[in-house]
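Have a look at the structure below before the remarks.
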Amino acid sequence: MEIIRQNRRTLVITVKENGEVIVKAPLFMSRKKIDEFIQEKSGWIQKQQIKLAERENVTSQYDFEKYVYINGNKYLWEDVKNQDKRMTKASFYTKNFNNFVIKRAEQWAKLFKKAISFRLCNSRSIWGSCNASNVIKLNWKMILLPQELQDYIIAHELCHTIQLNHSPKFWNEVGKYLPDYKNRKNDLKSYCIILREQVL
């Protein structure tokens with residue numbers, strides 16, 4: 001744990017990606033008061049460190065140089081290349097994203113009985129988005145995920161065509177299609193670090 005004294009009025013605690021705890025404190029605040037604050041926040045600190053450990057465990061399962069990943073399954077990139085020498089990782093993922101994720105999303109969309117279009121996106125922070133025109137953008141890295149998590153993202157965005165918010169009514173809609181959505185939502189959190197990974 002590192003304590004940094006600054007010209008500030010409040011105490012702030014952050015947990016870095018490696019689990020290290022940083023405490024930023026006012027210049028003249030007593031160490032006793034700082035320690036009391038740390039003790040008060042110990043439960044929150046532990047939760048953040050557990051989350052980071054879970055995320056690290058997820059990313060340790062991936063080797064983006066040696067393998068490519070489709071629907072949670074991995075394939076040796078060398079074997080894929082041997083089947084088509086012109087194939088690049090970008091074209092491989094784009095092709096499979098269209099063949100699996102987009103087609104899966106289009107099947108889901110039939111349940112909503114309205115005009116919905118899908119687009120590919122390359123965000124480093126979100127898996128998908130939906131606007132008032134019912135245009136849904138899905139992150140191409142979804143192709144790396146197990147299908148049950150892909151379904152959660154798709155259903156989540158499709159329910160925004162009914163409720164363009166995250167109100168209780170919205171979550172009720174999600175629950176109609178995925179009764180176990182809370183479990184899937186929680187599982188997806190561990191994979192969010194992949195959004196920032198250099199896959200290609």
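Residue numbering restarts at 1 for every chain of the structure tokens, chains are lettered A, B, ... in their displayed order, and ligands are numbered from 1 as they appear.
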
Q: Can you pull out every residue within 9 Å of Pro146 in chain A, counting only C-alpha atoms, but drop anything in the same chain fewer than 5 positions away, and send it as a VMD selection string?
A: chain A and resid 70 to 73 151

Residues of the last selection are to be written out with C-alpha atoms, as a short mmCIF file (atom, residue, chain, number, x, y, z; two decimals), in the first residue's frame.
data_model
loop_
_atom_site.label_atom_id
_atom_site.label_comp_id
_atom_site.auth_asym_id
_atom_site.auth_seq_id
_atom_site.Cartn_x
_atom_site.Cartn_y
_atom_site.Cartn_z
CA ILE A 70 -14.48 -18.47 -31.60
CA ASN A 71 -17.48 -18.71 -29.26
CA GLY A 72 -15.24 -19.47 -26.30
CA ASN A 73 -13.30 -22.20 -28.13
CA ASP A 151 -26.69 -13.98 -25.95
#

**Q.** Top pick for closest residue to Leu138 in chain A, considering A:Asp35, A:Glu157, A:Asp79, A:Glu197 and counting only C-alpha atoms
**A.**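 Answer, going by the shortest atom-to-atom distance: A:Glu157.
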
Q: Using only C-alpha atoms, determine which residues lie at most 10 Å from range 128-131 of chain A, disregarding the query and same-chain residues fewer than 4 positions distant; provide the list as number ranges by chain.
A: A: 116-123, 135-140, 142, 153-154, 156-161, 164-165

(Q) Just list as a PyMOL selection string whatever in chain A DSSP marks as alpha helix (DSSP H). (A) chain A and resi 31-40+42-59+77-83+89-96+103-109+147-159+168-177+181-189

Q: Write out as JSON, numbers by chain which residues come within 12 Å of Ala90 in chain A when counting only C-alpha atoms, dropping same-chain ones fewer than 6 positions away.
A: {"A": [68, 96, 97, 122, 140, 141, 198, 199, 200]}

**Q.** Two-atom distance - CA of Phe64 in chain A, CA of Arg86 in chain A (Å)
**A.**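 That distance, rounded to one decimal, is 18.7 Å.
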
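Residues with any atom within 9 Å of Thr10 in chain A, counting only C-alpha atoms and excluding same-chain neighbours fewer than 6 positions away, are Lys24, Ala25 and Pro26 of chain A.
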
For the residues in the current selection, export C-alpha atoms as a CSV table (one decimal), in the first residue's frame.
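Below is the file that was written, selection_8.csv:
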chain,number,residue,atom,x,y,z
A,24,LYS,CA,-4.1,9.9,-1.7
A,25,ALA,CA,-4.3,12.1,1.5
A,26,PRO,CA,-4.2,15.8,2.4

**Q.** Atomic distance CA of Arg104 in chain A - CA of Ile193 in chain A, expressed in Å with one decimal
**A.**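 These two atoms are separated by 23.6 Å.
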
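Distance annotation: of A:Ile22, A:Ile194, A:Val15, A:Leu27, the residue with the minimal separation from Ser125 in chain A is A:Ile194; atom set is only C-alpha atoms.
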
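Comparing the minimum interatomic distances between Gln48 in chain A and each of A:Lys89, A:Arg124, A:Lys16, A:Arg31, counting only C-alpha atoms, we find that A:Lys16 sits nearest.
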
Q) Which residue gives the smallest distance to Met29 in chain A among A:Leu52, A:Leu178, A:Ile3, A:Val80, with only C-alpha atoms counted? A)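 Of all the options, A:Ile3 lies closest to Met29 in chain A.
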
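Distances here use only C-alpha atoms; by that measure, the residue among A:Tyr69, A:Tyr152, A:Trp44, A:Trp127 closest to Thr14 in chain A is A:Trp44.
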
Give me every strand (DSSP E) residue in range 126-195 of chain A, going by DSSP on the backbone, as an mmCIF file with N, CA, C and O atoms, in the first residue's frame.
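File states.cif, as written:
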data_model
loop_
_atom_site.group_PDB
_atom_site.id
_atom_site.type_symbol
_atom_site.label_atom_id
_atom_site.label_comp_id
_atom_site.auth_asym_id
_atom_site.auth_seq_id
_atom_site.Cartn_x
_atom_site.Cartn_y
_atom_site.Cartn_z
ATOM 1 N N GLY A 128 -21.664 -3.265 -26.553
ATOM 2 C CA GLY A 128 -22.680 -2.943 -27.528
ATOM 3 C C GLY A 128 -23.409 -1.664 -27.179
ATOM 4 O O GLY A 128 -23.235 -1.111 -26.089
ATOM 5 N N SER A 129 -24.205 -1.172 -28.118
ATOM 6 C CA SER A 129 -25.015 0.034 -27.891
ATOM 7 C C SER A 129 -26.228 -0.013 -28.800
ATOM 8 O O SER A 129 -26.246 -0.732 -29.804
ATOM 9 N N CYS A 130 -27.247 0.749 -28.424
ATOM 10 C CA CYS A 130 -28.473 0.819 -29.221
ATOM 11 C C CYS A 130 -28.952 2.261 -29.217
ATOM 12 O O CYS A 130 -28.929 2.919 -28.170
ATOM 13 N N VAL A 135 -30.745 1.023 -34.185
ATOM 14 C CA VAL A 135 -29.482 0.559 -34.767
ATOM 15 C C VAL A 135 -28.621 0.062 -33.613
ATOM 16 O O VAL A 135 -28.296 0.823 -32.693
ATOM 17 N N ILE A 136 -28.290 -1.204 -33.651
ATOM 18 C CA ILE A 136 -27.511 -1.817 -32.582
ATOM 19 C C ILE A 136 -26.084 -2.064 -33.065
ATOM 20 O O ILE A 136 -25.875 -2.686 -34.115
ATOM 21 N N LYS A 137 -25.128 -1.571 -32.308
ATOM 22 C CA LYS A 137 -23.722 -1.811 -32.602
ATOM 23 C C LYS A 137 -23.210 -2.878 -31.643
ATOM 24 O O LYS A 137 -23.413 -2.777 -30.432
ATOM 25 N N LEU A 138 -22.566 -3.896 -32.193
ATOM 26 C CA LEU A 138 -22.019 -4.989 -31.404
ATOM 27 C C LEU A 138 -20.504 -5.050 -31.574
ATOM 28 O O LEU A 138 -20.003 -4.979 -32.700
ATOM 29 N N ASN A 139 -19.796 -5.174 -30.478
ATOM 30 C CA ASN A 139 -18.334 -5.211 -30.511
ATOM 31 C C ASN A 139 -17.861 -6.525 -31.137
ATOM 32 O O ASN A 139 -18.310 -7.607 -30.751
#

Q: In Å, rounded to a single decimal, give me how far CA of Ala105 in chain A is from CA of Gln147 in chain A.
A: 11.3 Å

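Using only C-alpha atoms, the nearest neighbour of Ala132 in chain A within the list A:Lys32, A:Gln163, A:Lys103, A:Phe112 is A:Gln163.
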
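Within 8 Å of Lys185 in chain A, once only C-alpha atoms are used and residues closer than 4 positions along the same chain are dropped, the contacting residues are A:Leu149, A:Tyr152, A:Tyr181, A:Lys189.
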